[in-house]
>>> print(open('upload.cif').read())   # mmCIF, C-alpha atoms
data_structure
loop_
_atom_site.label_atom_id
_atom_site.label_comp_id
_atom_site.auth_asym_id
_atom_site.auth_seq_id
_atom_site.Cartn_x
_atom_site.Cartn_y
_atom_site.Cartn_z
CA MET A 1 89.83 172.81 178.70
CA LEU A 2 89.73 174.07 175.13
CA LEU A 3 88.11 177.40 176.01
CA SER A 4 90.32 178.15 179.01
CA SER A 5 93.48 177.48 177.03
CA VAL A 6 92.20 179.73 174.20
CA ILE A 7 91.70 182.55 176.74
CA ILE A 8 95.03 182.07 178.55
CA ILE A 9 97.10 181.96 175.36
CA LEU A 10 95.18 184.84 173.77
CA ARG A 11 95.83 187.01 176.83
CA GLU A 12 99.54 186.29 176.65
CA VAL A 13 99.86 186.68 172.87
CA LEU A 14 97.79 189.86 172.55
CA GLU A 15 100.24 192.27 174.18
CA GLY A 16 103.18 191.18 172.02
CA ALA A 17 101.06 191.08 168.86
CA ILE A 18 99.83 194.64 169.39
CA LEU A 19 103.28 196.02 170.20
CA MET A 20 104.77 194.29 167.18
CA SER A 21 102.07 195.50 164.78
CA VAL A 22 102.39 199.12 165.95
CA LEU A 23 106.18 199.00 165.54
CA LEU A 24 105.83 197.28 162.16
CA ALA A 25 103.41 199.99 161.04
CA LEU A 26 105.80 202.73 162.20
CA SER A 27 108.65 200.97 160.37
CA SER A 28 106.86 200.58 157.07
CA LEU A 29 105.70 204.21 157.25
CA ARG A 30 109.38 205.23 157.30
CA GLY A 31 110.42 202.62 154.74
CA ILE A 32 112.35 200.51 157.29
CA ASN A 33 112.87 196.88 156.23
CA LEU A 34 110.64 194.63 158.37
CA ARG A 35 113.28 191.91 158.79
CA TRP A 36 113.96 193.04 162.39
CA SER A 37 110.65 191.49 163.46
CA LEU A 38 111.81 187.96 162.56
CA ILE A 39 115.05 188.44 164.50
CA SER A 40 113.13 189.68 167.55
CA LEU A 41 110.79 186.69 167.30
CA LEU A 42 113.75 184.30 167.24
CA PHE A 43 115.51 185.98 170.20
CA GLY A 44 112.21 186.20 172.07
CA ILE A 45 111.45 182.50 171.72
CA ILE A 46 114.99 181.45 172.73
CA GLY A 47 114.82 183.83 175.71
CA ALA A 48 111.41 182.49 176.76
CA LEU A 49 112.71 178.91 176.71
CA ILE A 50 115.69 179.86 178.90
CA TYR A 51 113.55 181.92 181.30
CA ALA A 52 110.97 179.13 181.66
CA ALA A 53 113.73 176.57 182.28
CA GLU A 54 115.28 178.73 185.02
CA PHE A 55 111.95 179.93 186.41
CA GLU A 56 111.96 177.64 189.46
CA THR A 57 115.33 178.97 190.64
CA ILE A 58 114.51 182.60 189.80
CA SER A 59 111.23 182.36 191.76
CA THR A 60 113.12 181.72 195.01
CA TRP A 61 115.41 184.76 194.65
CA PHE A 62 115.07 187.67 197.12
CA ASP A 63 112.95 185.60 199.52
CA TYR A 64 110.49 184.30 196.88
CA VAL A 65 109.92 187.54 194.95
CA GLY A 66 112.53 186.92 192.21
CA GLN A 67 109.76 186.62 189.63
CA GLU A 68 108.50 190.16 190.30
CA ILE A 69 111.99 191.64 190.35
CA VAL A 70 113.08 190.03 187.07
CA ASN A 71 109.76 190.78 185.33
CA SER A 72 109.65 194.41 186.44
CA THR A 73 113.29 194.85 185.40
CA MET A 74 112.36 193.55 181.94
CA HIS A 75 109.42 195.99 181.83
CA VAL A 76 111.61 198.94 182.78
CA ILE A 77 114.16 197.97 180.09
CA ILE A 78 111.29 197.76 177.56
CA VAL A 79 110.15 201.27 178.55
CA LEU A 80 113.69 202.69 178.35
CA PHE A 81 114.30 201.30 174.87
CA LEU A 82 110.83 202.27 173.66
CA THR A 83 111.53 205.82 174.83
CA SER A 84 114.93 205.84 173.10
CA PHE A 85 113.35 204.46 169.94
CA ALA A 86 110.62 207.11 170.08
CA LEU A 87 113.20 209.89 170.51
CA LEU A 88 115.16 208.70 167.48
CA TYR A 89 112.00 208.18 165.46
CA GLN A 90 110.77 211.70 166.13
CA THR A 91 114.03 213.57 165.80
CA HIS A 92 115.89 211.63 163.07
CA GLU A 93 113.50 210.63 160.31
CA GLN A 94 115.86 208.90 157.92
CA SER A 95 119.11 208.21 159.80
CA TYR A 96 120.04 205.79 162.60
CA THR A 97 118.04 202.97 161.01
CA LYS A 98 120.30 200.28 162.49
CA THR A 99 119.98 201.70 165.99
CA LYS A 100 116.20 201.96 165.63
CA ASN A 101 116.07 198.33 164.49
CA THR A 102 118.18 197.19 167.45
CA PHE A 103 115.92 199.04 169.88
CA MET A 104 112.80 197.47 168.34
CA ILE A 105 114.38 194.01 168.48
CA ILE A 106 115.18 194.43 172.19
CA VAL A 107 111.69 195.70 173.02
CA VAL A 108 109.76 193.01 171.13
CA ALA A 109 112.09 190.17 172.13
CA LEU A 110 111.75 191.05 175.84
CA THR A 111 107.95 191.22 175.54
CA ILE A 112 107.99 187.74 173.98
CA VAL A 113 110.33 186.42 176.71
CA ARG A 114 107.93 187.67 179.37
CA GLU A 115 104.68 186.39 177.83
CA GLY A 116 106.16 183.35 176.09
CA SER A 117 107.66 181.94 179.28
CA GLU A 118 104.21 181.99 180.91
CA ILE A 119 102.76 180.09 177.96
CA LEU A 120 105.52 177.48 178.31
CA LEU A 121 104.93 177.17 182.06
CA TYR A 122 101.22 176.65 181.38
CA PHE A 123 101.80 173.99 178.70
CA SER A 124 104.37 172.11 180.76
CA GLY A 125 101.59 170.97 183.11
CA TYR A 126 99.89 169.07 180.30
CA LEU A 127 102.84 167.38 178.61
CA ASP A 128 102.27 164.03 180.33
CA LYS A 129 98.46 164.15 180.12
CA SER A 130 97.79 162.65 176.71
CA ASP A 131 93.98 162.78 177.21
CA VAL A 132 93.73 166.58 177.38
CA LEU A 133 96.95 167.58 175.61
CA PRO A 134 95.38 167.73 172.10
CA SER A 135 92.62 170.11 173.21
CA VAL A 136 95.13 172.29 175.11
CA ILE A 137 97.33 172.51 172.00
CA LEU A 138 94.31 173.20 169.79
CA GLY A 139 93.13 175.90 172.22
CA GLY A 140 96.61 177.42 172.27
CA THR A 141 96.73 177.47 168.48
CA ILE A 142 93.32 179.13 168.24
CA GLY A 143 94.32 181.69 170.90
CA THR A 144 97.57 182.47 169.06
CA GLY A 145 95.63 182.75 165.80
CA ILE A 146 93.11 185.22 167.25
CA GLY A 147 95.88 187.29 168.86
CA MET A 148 97.88 187.48 165.64
CA SER A 149 94.75 188.32 163.63
CA ILE A 150 94.03 191.27 165.92
CA GLY A 151 97.65 192.37 165.46
CA ALA A 152 97.41 192.03 161.67
CA LEU A 153 94.11 193.94 161.65
CA LEU A 154 95.74 196.76 163.60
CA TYR A 155 98.78 196.80 161.29
CA TYR A 156 96.70 196.94 158.11
CA SER A 157 94.31 199.56 159.53
CA LEU A 158 97.29 201.74 160.44
CA THR A 159 99.04 201.38 157.09
CA TYR A 160 95.73 201.98 155.29
CA LEU A 161 95.35 205.43 156.87
CA ILE A 162 96.89 208.64 155.50
CA PRO A 163 100.60 208.29 156.51
CA THR A 164 100.74 211.46 158.63
CA HIS A 165 97.64 210.37 160.58
CA ALA A 166 98.86 206.79 160.85
CA LYS A 167 102.21 207.91 162.26
CA LYS A 168 100.50 210.04 164.88
CA ILE A 169 98.04 207.31 165.93
CA ALA A 170 100.68 204.57 166.01
CA TYR A 171 102.98 206.82 168.03
CA ILE A 172 100.26 207.63 170.56
CA LEU A 173 99.42 203.91 170.85
CA LEU A 174 103.09 203.26 171.55
CA ALA A 175 103.09 205.90 174.29
CA PHE A 176 100.06 204.34 176.00
CA PHE A 177 101.59 200.88 175.67
CA SER A 178 104.81 202.10 177.28
CA ALA A 179 102.89 203.81 180.09
CA GLY A 180 100.99 200.56 180.77
CA MET A 181 104.29 198.67 180.92
CA LEU A 182 105.75 201.10 183.49
CA ALA A 183 102.57 200.95 185.60
CA HIS A 184 102.73 197.15 185.51
CA ALA A 185 106.37 197.22 186.63
CA VAL A 186 105.34 199.32 189.62
CA THR A 187 102.49 196.90 190.45
CA MET A 188 104.93 194.00 190.50
CA LEU A 189 107.35 195.84 192.77
CA THR A 190 104.45 196.60 195.13
CA GLN A 191 103.42 192.93 195.06
CA ALA A 192 107.00 192.07 196.06
CA ASP A 193 106.89 194.71 198.84
CA TRP A 194 109.80 196.59 197.28
CA LEU A 195 107.56 199.66 196.89
CA PRO A 196 105.15 200.90 199.58
CA ALA A 197 101.61 199.55 199.23
CA ARG A 198 98.75 201.98 198.66
CA HIS A 199 94.96 201.99 198.69
CA ILE A 200 93.26 202.00 195.30
CA LEU A 201 92.17 205.42 193.97
CA TRP A 202 89.01 204.40 192.14
CA ASN A 203 87.18 201.37 190.82
CA THR A 204 85.82 201.46 187.26
CA SER A 205 85.05 197.73 187.08
CA SER A 206 81.30 198.37 187.23
CA TRP A 207 81.77 200.46 184.07
CA LEU A 208 84.25 198.17 182.32
CA GLU A 209 85.38 194.91 183.91
CA GLU A 210 89.04 194.12 183.44
CA ASN A 211 88.37 190.47 182.67
CA SER A 212 85.78 191.25 179.98
CA LEU A 213 86.81 190.97 176.32
CA MET A 214 86.95 194.76 175.90
CA GLY A 215 88.77 195.12 179.22
CA GLN A 216 91.40 192.59 178.15
CA LEU A 217 91.86 194.30 174.80
CA LEU A 218 92.22 197.71 176.43
CA TYR A 219 94.61 196.20 178.98
CA ALA A 220 96.83 194.94 176.15
CA ILE A 221 96.70 198.20 174.19
CA ILE A 222 96.77 200.96 176.80
CA GLY A 223 97.33 199.03 180.04
CA TYR A 224 93.75 199.53 181.29
CA GLU A 225 93.51 199.06 185.04
CA ALA A 226 90.10 199.15 186.77
CA THR A 227 91.53 199.64 190.27
CA PRO A 228 94.72 201.71 190.09
CA THR A 229 96.74 202.99 193.03
CA ALA A 230 98.47 206.39 193.22
CA THR A 231 101.82 204.71 192.58
CA GLN A 232 100.53 203.03 189.41
CA LEU A 233 98.95 206.25 188.19
CA THR A 234 102.18 208.20 188.73
CA ALA A 235 104.16 205.59 186.78
CA TYR A 236 101.55 205.67 184.02
CA VAL A 237 101.76 209.46 183.66
CA ILE A 238 105.57 209.37 183.67
CA GLY A 239 105.49 206.68 180.96
CA LEU A 240 103.18 208.81 178.82
CA LEU A 241 105.26 211.96 179.27
CA LEU A 242 108.46 210.10 178.34
CA LEU A 243 107.12 209.40 174.86
CA LEU A 244 104.77 212.33 174.29
CA ALA A 245 106.59 215.27 175.88
CA LEU A 246 110.29 214.36 175.96
CA PRO A 247 110.90 214.35 172.16
CA LYS A 248 109.19 217.76 171.85
CA LEU A 249 111.22 219.22 174.74
CA LEU A 250 114.47 217.92 173.27
CA GLU A 251 113.58 219.22 169.83
CA LYS A 252 112.92 222.63 171.32
CA GLY A 253 116.24 222.47 173.14
CA ILE A 254 118.05 221.58 169.92
CA THR A 255 116.43 224.46 168.00
CA ILE A 256 117.26 227.00 170.70
CA HIS A 257 120.82 225.67 170.82
CA ALA A 258 121.12 225.93 167.03
CA LYS A 259 119.75 229.49 167.07
CA ASN A 260 122.22 230.56 169.74
CA LYS A 261 125.05 229.30 167.59
CA MET B 262 112.90 226.24 216.26
CA ILE B 263 113.06 225.75 212.50
CA ASN B 264 115.11 222.63 213.06
CA LYS B 265 112.44 221.16 215.28
CA PHE B 266 109.75 222.11 212.80
CA ASN B 267 111.73 220.44 210.00
CA ARG B 268 112.12 217.32 212.06
CA ILE B 269 108.38 217.14 212.67
CA ILE B 270 107.70 217.60 208.95
CA PHE B 271 110.27 214.91 208.15
CA LEU B 272 108.79 212.43 210.61
CA PHE B 273 105.29 213.21 209.41
CA SER B 274 106.19 212.64 205.75
CA LEU B 275 107.98 209.45 206.73
CA TRP B 276 104.84 208.31 208.53
CA VAL B 277 102.70 209.17 205.49
CA THR B 278 104.93 207.66 202.83
CA CYS B 279 105.99 204.48 204.55
CA PRO B 280 102.88 202.93 206.11
CA GLY B 281 103.55 199.49 207.44
CA LEU B 282 107.25 199.76 206.75
CA VAL B 283 108.16 199.45 210.39
CA LEU B 284 105.63 196.79 211.28
CA ALA B 285 106.10 193.39 209.67
CA ALA B 286 103.09 192.41 207.59
CA PRO B 287 100.95 189.64 209.14
CA GLU B 288 101.40 186.36 207.28
CA PHE B 289 98.63 184.05 206.05
CA LYS B 290 98.96 180.62 204.47
CA ILE B 291 97.11 179.26 201.43
CA GLU B 292 97.65 175.77 200.00
CA ILE B 293 96.92 174.40 196.54
CA LYS B 294 95.92 170.73 196.29
CA ASN B 295 94.26 169.08 193.27
CA HIS B 296 93.78 172.53 191.68
CA LEU B 297 91.82 173.79 194.71
CA PHE B 298 92.72 176.50 197.22
CA PHE B 299 92.78 175.65 200.97
CA PRO B 300 91.33 177.68 202.55
CA SER B 301 89.27 178.99 199.66
CA GLU B 302 88.05 181.82 201.91
CA LEU B 303 90.45 183.79 204.02
CA THR B 304 89.70 186.65 206.39
CA VAL B 305 92.34 189.39 206.71
CA PRO B 306 92.34 192.75 208.57
CA ALA B 307 91.32 195.93 206.73
CA ASP B 308 93.79 198.70 205.81
CA THR B 309 96.73 196.41 206.47
CA LYS B 310 99.41 195.07 204.19
CA VAL B 311 99.29 191.27 204.33
CA LYS B 312 101.84 188.65 203.32
CA LEU B 313 100.36 185.58 201.63
CA ARG B 314 102.53 182.47 201.60
CA ILE B 315 101.18 180.06 199.02
CA PHE B 316 102.19 176.40 198.87
CA ASN B 317 101.49 174.52 195.64
CA HIS B 318 101.34 170.80 196.47
CA ASP B 319 100.34 169.84 192.91
CA ALA B 320 102.98 168.73 190.43
CA THR B 321 101.62 171.24 187.90
CA ASN B 322 102.28 175.00 187.83
CA GLU B 323 99.53 177.44 188.77
CA GLU B 324 99.09 181.18 188.38
CA PHE B 325 97.58 183.08 191.29
CA GLU B 326 95.48 185.80 189.72
CA SER B 327 93.17 188.48 191.08
CA TYR B 328 91.65 191.36 189.14
CA ASP B 329 90.15 192.76 192.36
CA MET B 330 93.54 193.02 194.03
CA ASN B 331 95.78 193.61 190.95
CA ARG B 332 97.83 190.52 191.58
CA GLU B 333 99.27 187.79 189.35
CA LYS B 334 102.06 185.34 189.96
CA VAL B 335 103.12 181.95 188.67
CA ILE B 336 103.62 179.31 191.36
CA MET B 337 105.67 176.36 190.18
CA GLY B 338 104.56 172.81 190.98
CA ASN B 339 105.66 171.48 194.40
CA SER B 340 106.96 174.83 195.58
CA GLN B 341 106.02 177.89 197.59
CA THR B 342 105.82 181.59 196.95
CA VAL B 343 105.10 184.93 198.63
CA ILE B 344 102.60 187.61 197.52
CA PHE B 345 101.95 190.87 199.34
CA ILE B 346 98.38 192.21 199.18
CA GLY B 347 96.61 195.27 200.58
CA PRO B 348 96.04 197.61 202.27
CA LEU B 349 92.41 196.83 201.36
CA LYS B 350 89.08 198.37 202.32
CA PRO B 351 86.51 196.03 203.95
CA GLY B 352 84.82 193.78 201.41
CA ASP B 353 85.29 190.60 199.38
CA TYR B 354 88.10 190.21 196.86
CA GLU B 355 88.10 187.26 194.49
CA PHE B 356 91.15 185.36 193.30
CA PHE B 357 91.60 182.31 191.08
CA GLY B 358 94.14 180.00 189.56
CA GLU B 359 94.51 181.13 185.98
CA PHE B 360 95.82 177.78 184.77
CA TYR B 361 92.92 175.80 186.32
CA PRO B 362 90.15 178.41 186.65
CA LYS B 363 87.29 175.89 186.74
CA THR B 364 88.24 174.55 190.17
CA ALA B 365 90.82 176.93 191.62
CA GLN B 366 88.63 179.73 192.99
CA GLY B 367 88.92 181.68 196.22
CA LYS B 368 88.02 184.81 198.09
CA ILE B 369 89.76 187.18 200.50
CA HIS B 370 87.35 188.58 203.03
CA VAL B 371 88.56 191.89 204.45
CA GLU B 372 87.10 193.23 207.69
#
>>> encode(input="upload.cif", output="structure tokens")
Amino acid sequence: MLLSSVIIILREVLEGAILMSVLLALSSLRGINLRWSLISLLFGIIGALIYAAEFETISTWFDYVGQEIVNSTMHVIIVLFLTSFALLYQTHEQSYTKTKNTFMIIVVALTIVREGSEILLYFSGYLDKSDVLPSVILGGTIGTGIGMSIGALLYYSLTYLIPTHAKKIAYILLAFFSAGMLAHAVTMLTQADWLPARHILWNTSSWLEENSLMGQLLYAIIGYEATPTATQLTAYVIGLLLLLALPKLLEKGITIHAKNK
Amino acid sequence: MINKFNRIIFLFSLWVTCPGLVLAAPEFKIEIKNHLFFPSELTVPADTKVKLRIFNHDATNEEFESYDMNREKVIMGNSQTVIFIGPLKPGDYEFFGEFYPKTAQGKIHVE
């Protein structure tokens, strides 16, 4: 019981921990006060409690695919605000700090709502089982601890690097994270039959299994998928381009516009 | 002439992009009791989108999870849910209950 709860909680915590540490690193590299992270944590936990409490009703929506629709909507919102944050971060180094903070709060809070509600739904099954409850709670605490340690390690490694390199690496990590989020949203819509189903393109599980430790870590960081479909791949590429190409294109547009003036 | 050609192209692309959209997906039933799947092995047709209706008769929540099929979904205690899978190539695809992985194990056999 202990081990399985460590794994379940770690899997849920990891994604949020990595996102938060990358955003924290990007913030401290630009001298942004890190207080936004506490606000996002607070909103995230409140949101997760509400979502978990309403989960039974939401699950029955749209002929029992409400879960997929709400989750994928949250993922798309995360991607949209990550993209907006990235655009501001790249084009306006020192200004719009408040807007950047708001965008980061929305993105992290929604990630916590999504993962936190699953943790709550898992724990709720053990509340009246006093014989196994202590080991489930202990396992959950260990899992949370490991997840946060990985996040802290990532944050300190990034801030330890030369700032220009750190910014680049953190930004690229953010782009891959966002792409993974968009691909996951598409997977959920396919699972709900709101998007056409497709055969898988390739299977890399013999090379790296998704449920291995490394596979899980890569899943949390870059959205690693051993058996992607064409729909997922398309979403992934779009997600990457939104963060990696869009700011550059806009910047070019702005320069040309300025020159013409 | 061009009109007819366009119509053929349109119908062809519709046929390519929307497989199984016209035909309703065949439905299969899986039940969860005492953290076990019934049936734990299910045979479904190849290259077909399939609708799984899962009933959780336990009081506790469960999460249907499959790495092989890219699926994950929480099923609340004493309730039912729907998951679409496929189209899949012939073979075996494992699934499990993430909240009770020691006992809740199953396999989709595609042929």
>>> resolve_selection(input="upload.cif", expression="the PyMOL selection byres ((chain A) within 7 of (chain B))", output="PDB file with C-alpha atoms, keeping the file's coordinate frame")
ATOM      1  CA  GLU A  56     111.960 177.640 189.460  1.00  0.00           C
ATOM      2  CA  TYR A  64     110.490 184.300 196.880  1.00  0.00           C
ATOM      3  CA  VAL A  65     109.920 187.540 194.950  1.00  0.00           C
ATOM      4  CA  LEU A 121     104.930 177.170 182.060  1.00  0.00           C
ATOM      5  CA  TYR A 122     101.220 176.650 181.380  1.00  0.00           C
ATOM      6  CA  GLY A 125     101.590 170.970 183.110  1.00  0.00           C
ATOM      7  CA  GLN A 191     103.420 192.930 195.060  1.00  0.00           C
ATOM      8  CA  ALA A 192     107.000 192.070 196.060  1.00  0.00           C
ATOM      9  CA  ASP A 193     106.890 194.710 198.840  1.00  0.00           C
ATOM     10  CA  PRO A 196     105.150 200.900 199.580  1.00  0.00           C
ATOM     11  CA  ALA A 197     101.610 199.550 199.230  1.00  0.00           C
ATOM     12  CA  ARG A 198      98.750 201.980 198.660  1.00  0.00           C
ATOM     13  CA  HIS A 199      94.960 201.990 198.690  1.00  0.00           C
ATOM     14  CA  GLU A 210      89.040 194.120 183.440  1.00  0.00           C
TER      15      GLU A 210
END
>>> resolve_selection(input="upload.cif", expression="the PyMOL selection byres ((chain A and resi 75) around 9)", output="list of chain:residue names")
A:Val70, A:Asn71, A:Ser72, A:Thr73, A:Met74, A:Val76, A:Ile77, A:Ile78, A:Val79, A:Leu80, A:Leu110, A:Thr111, A:Arg114, A:Ser178, A:Met181, A:Leu182, A:His184, A:Ala185
>>> residues_around(input="upload.cif", residues="His318 in chain B", least_positions_apart="3", cutoff="6 Å", atoms="only C-alpha atoms", output="ChimeraX atom specification")
/B:293-294,339
>>> write_last_selection(input="upload.cif", atoms="C-alpha atoms", output="PDB file, in the coordinates of the input")
ATOM      1  CA  ILE B 293      96.920 174.400 196.540  1.00  0.00           C
ATOM      2  CA  LYS B 294      95.920 170.730 196.290  1.00  0.00           C
ATOM      3  CA  ASN B 339     105.660 171.480 194.400  1.00  0.00           C
TER       4      ASN B 339
END
>>> resolve_selection(input="upload.cif", expression="the PyMOL selection byres ((chain A and resi 226-241) around 7)", output="PDB file with C-alpha atoms, in the coordinates of the input")
ATOM      1  CA  ALA A 175     103.090 205.900 174.290  1.00  0.00           C
ATOM      2  CA  PHE A 176     100.060 204.340 176.000  1.00  0.00           C
ATOM      3  CA  SER A 178     104.810 202.100 177.280  1.00  0.00           C
ATOM      4  CA  ALA A 179     102.890 203.810 180.090  1.00  0.00           C
ATOM      5  CA  GLY A 180     100.990 200.560 180.770  1.00  0.00           C
ATOM      6  CA  LEU A 182     105.750 201.100 183.490  1.00  0.00           C
ATOM      7  CA  ALA A 183     102.570 200.950 185.600  1.00  0.00           C
ATOM      8  CA  VAL A 186     105.340 199.320 189.620  1.00  0.00           C
ATOM      9  CA  THR A 187     102.490 196.900 190.450  1.00  0.00           C
ATOM     10  CA  ARG A 198      98.750 201.980 198.660  1.00  0.00           C
ATOM     11  CA  HIS A 199      94.960 201.990 198.690  1.00  0.00           C
ATOM     12  CA  ILE A 200      93.260 202.000 195.300  1.00  0.00           C
ATOM     13  CA  LEU A 201      92.170 205.420 193.970  1.00  0.00           C
ATOM     14  CA  TRP A 202      89.010 204.400 192.140  1.00  0.00           C
ATOM     15  CA  ASN A 203      87.180 201.370 190.820  1.00  0.00           C
ATOM     16  CA  THR A 204      85.820 201.460 187.260  1.00  0.00           C
ATOM     17  CA  SER A 205      85.050 197.730 187.080  1.00  0.00           C
ATOM     18  CA  GLU A 209      85.380 194.910 183.910  1.00  0.00           C
ATOM     19  CA  GLU A 210      89.040 194.120 183.440  1.00  0.00           C
ATOM     20  CA  TYR A 224      93.750 199.530 181.290  1.00  0.00           C
ATOM     21  CA  GLU A 225      93.510 199.060 185.040  1.00  0.00           C
ATOM     22  CA  LEU A 242     108.460 210.100 178.340  1.00  0.00           C
ATOM     23  CA  LEU A 243     107.120 209.400 174.860  1.00  0.00           C
ATOM     24  CA  LEU A 244     104.770 212.330 174.290  1.00  0.00           C
ATOM     25  CA  ALA A 245     106.590 215.270 175.880  1.00  0.00           C
ATOM     26  CA  LEU A 246     110.290 214.360 175.960  1.00  0.00           C
TER      27      LEU A 246
END
>>> closest_residue(input="upload.cif", among="B:Asp353, B:Phe299, B:Gly367, B:Ala307", to="Phe325 in chain B", atoms="all atoms listed in the file")
B:Gly367
>>> atom_distance(input="upload.cif", atom1="CA of Thr159 in chain A", atom2="CA of Leu173 in chain A")
14.0 Å
>>> atom_distance(input="upload.cif", atom1="CA of Pro300 in chain B", atom2="CA of Trp61 in chain A")
26.3 Å
>>> atom_distance(input="upload.cif", atom1="CA of Val371 in chain B", atom2="CA of Arg11 in chain A")
29.0 Å
>>> closest_residue(input="upload.cif", among="A:Ile256, A:Leu174, A:Leu249, A:Ile8", to="Ile221 in chain A", atoms="only C-alpha atoms")
A:Leu174
>>> residues_around(input="upload.cif", residues="Ile46 in chain A", least_positions_apart="3", cutoff="12 Å", atoms="all atoms listed in the file", output="PyMOL selection string")
chain A and resi 39-43+49-53+109-110+112-114+116-117+120
>>> closest_residue(input="upload.cif", among="A:Leu158, A:Leu217, A:Ile169, A:Val136", to="Met1 in chain A", atoms="only C-alpha atoms")
A:Val136
>>> closest_residue(input="upload.cif", among="B:His296, B:Arg268, B:Glu302, B:Pro287", to="Ala365 in chain B", atoms="all atoms listed in the file")
B:His296
>>> axis_aligned_box(input="upload.cif", around="range 333-339 of chain B", padding_each_side="3 Å", output="AutoDock Vina command-line options")
--center_x 102.5 --center_y 179.6 --center_z 191.5 --size_x 12.4 --size_y 22.3 --size_z 11.7
>>> closest_residue(input="upload.cif", among="B:Asn267, B:Gln366, B:Asn317, B:Thr304", to="Glu288 in chain B", atoms="all atoms listed in the file")
B:Thr304
>>> residues_around(input="upload.cif", residues="range 14-24 of chain A", least_positions_apart="4", cutoff="6 Å", atoms="all atoms listed in the file", output="list in words")
Leu10, Thr111, Gly147, Met148, Gly151, Tyr155, Ala170 and Ala220 of chain A
>>> write_last_selection(input="upload.cif", atoms="C-alpha atoms", output="short mmCIF file (atom, residue, chain, number, x, y, z; two decimals), keeping the file's coordinate frame")
data_model
loop_
_atom_site.label_atom_id
_atom_site.label_comp_id
_atom_site.auth_asym_id
_atom_site.auth_seq_id
_atom_site.Cartn_x
_atom_site.Cartn_y
_atom_site.Cartn_z
CA LEU A 10 95.18 184.84 173.77
CA THR A 111 107.95 191.22 175.54
CA GLY A 147 95.88 187.29 168.86
CA MET A 148 97.88 187.48 165.64
CA GLY A 151 97.65 192.37 165.46
CA TYR A 155 98.78 196.80 161.29
CA ALA A 170 100.68 204.57 166.01
CA ALA A 220 96.83 194.94 176.15
#
>>> build_atoms(input="upload.cif", residues="range 335-346 of chain B", atoms="N, CA and C atoms", output="PDB file, in the frame of the given file")
ATOM      1  N   VAL B 335     103.017 183.378 188.950  1.00  0.00           N
ATOM      2  CA  VAL B 335     103.120 181.950 188.670  1.00  0.00           C
ATOM      3  C   VAL B 335     103.714 181.236 189.879  1.00  0.00           C
ATOM      4  N   ILE B 336     103.083 180.131 190.273  1.00  0.00           N
ATOM      5  CA  ILE B 336     103.620 179.310 191.360  1.00  0.00           C
ATOM      6  C   ILE B 336     103.964 177.952 190.767  1.00  0.00           C
ATOM      7  N   MET B 337     105.236 177.618 190.766  1.00  0.00           N
ATOM      8  CA  MET B 337     105.670 176.360 190.180  1.00  0.00           C
ATOM      9  C   MET B 337     105.123 175.173 190.972  1.00  0.00           C
ATOM     10  N   GLY B 338     105.037 174.010 190.308  1.00  0.00           N
ATOM     11  CA  GLY B 338     104.560 172.810 190.980  1.00  0.00           C
ATOM     12  C   GLY B 338     105.486 172.441 192.133  1.00  0.00           C
ATOM     13  N   ASN B 339     104.903 171.906 193.220  1.00  0.00           N
ATOM     14  CA  ASN B 339     105.660 171.480 194.400  1.00  0.00           C
ATOM     15  C   ASN B 339     106.617 172.552 194.912  1.00  0.00           C
ATOM     16  N   SER B 340     106.102 173.783 195.021  1.00  0.00           N
ATOM     17  CA  SER B 340     106.960 174.830 195.580  1.00  0.00           C
ATOM     18  C   SER B 340     106.101 175.866 196.301  1.00  0.00           C
ATOM     19  N   GLN B 341     106.759 176.859 196.864  1.00  0.00           N
ATOM     20  CA  GLN B 341     106.020 177.890 197.590  1.00  0.00           C
ATOM     21  C   GLN B 341     106.379 179.266 197.049  1.00  0.00           C
ATOM     22  N   THR B 342     105.526 180.229 197.363  1.00  0.00           N
ATOM     23  CA  THR B 342     105.820 181.590 196.950  1.00  0.00           C
ATOM     24  C   THR B 342     105.230 182.597 197.937  1.00  0.00           C
ATOM     25  N   VAL B 343     105.571 183.869 197.743  1.00  0.00           N
ATOM     26  CA  VAL B 343     105.100 184.930 198.630  1.00  0.00           C
ATOM     27  C   VAL B 343     104.452 186.026 197.786  1.00  0.00           C
ATOM     28  N   ILE B 344     103.256 186.480 198.191  1.00  0.00           N
ATOM     29  CA  ILE B 344     102.600 187.610 197.520  1.00  0.00           C
ATOM     30  C   ILE B 344     102.119 188.586 198.584  1.00  0.00           C
ATOM     31  N   PHE B 345     102.458 189.853 198.412  1.00  0.00           N
ATOM     32  CA  PHE B 345     101.950 190.870 199.340  1.00  0.00           C
ATOM     33  C   PHE B 345     100.664 191.462 198.777  1.00  0.00           C
ATOM     34  N   ILE B 346      99.635 191.570 199.617  1.00  0.00           N
ATOM     35  CA  ILE B 346      98.380 192.210 199.180  1.00  0.00           C
ATOM     36  C   ILE B 346      98.015 193.334 200.162  1.00  0.00           C
TER      37      ILE B 346
END
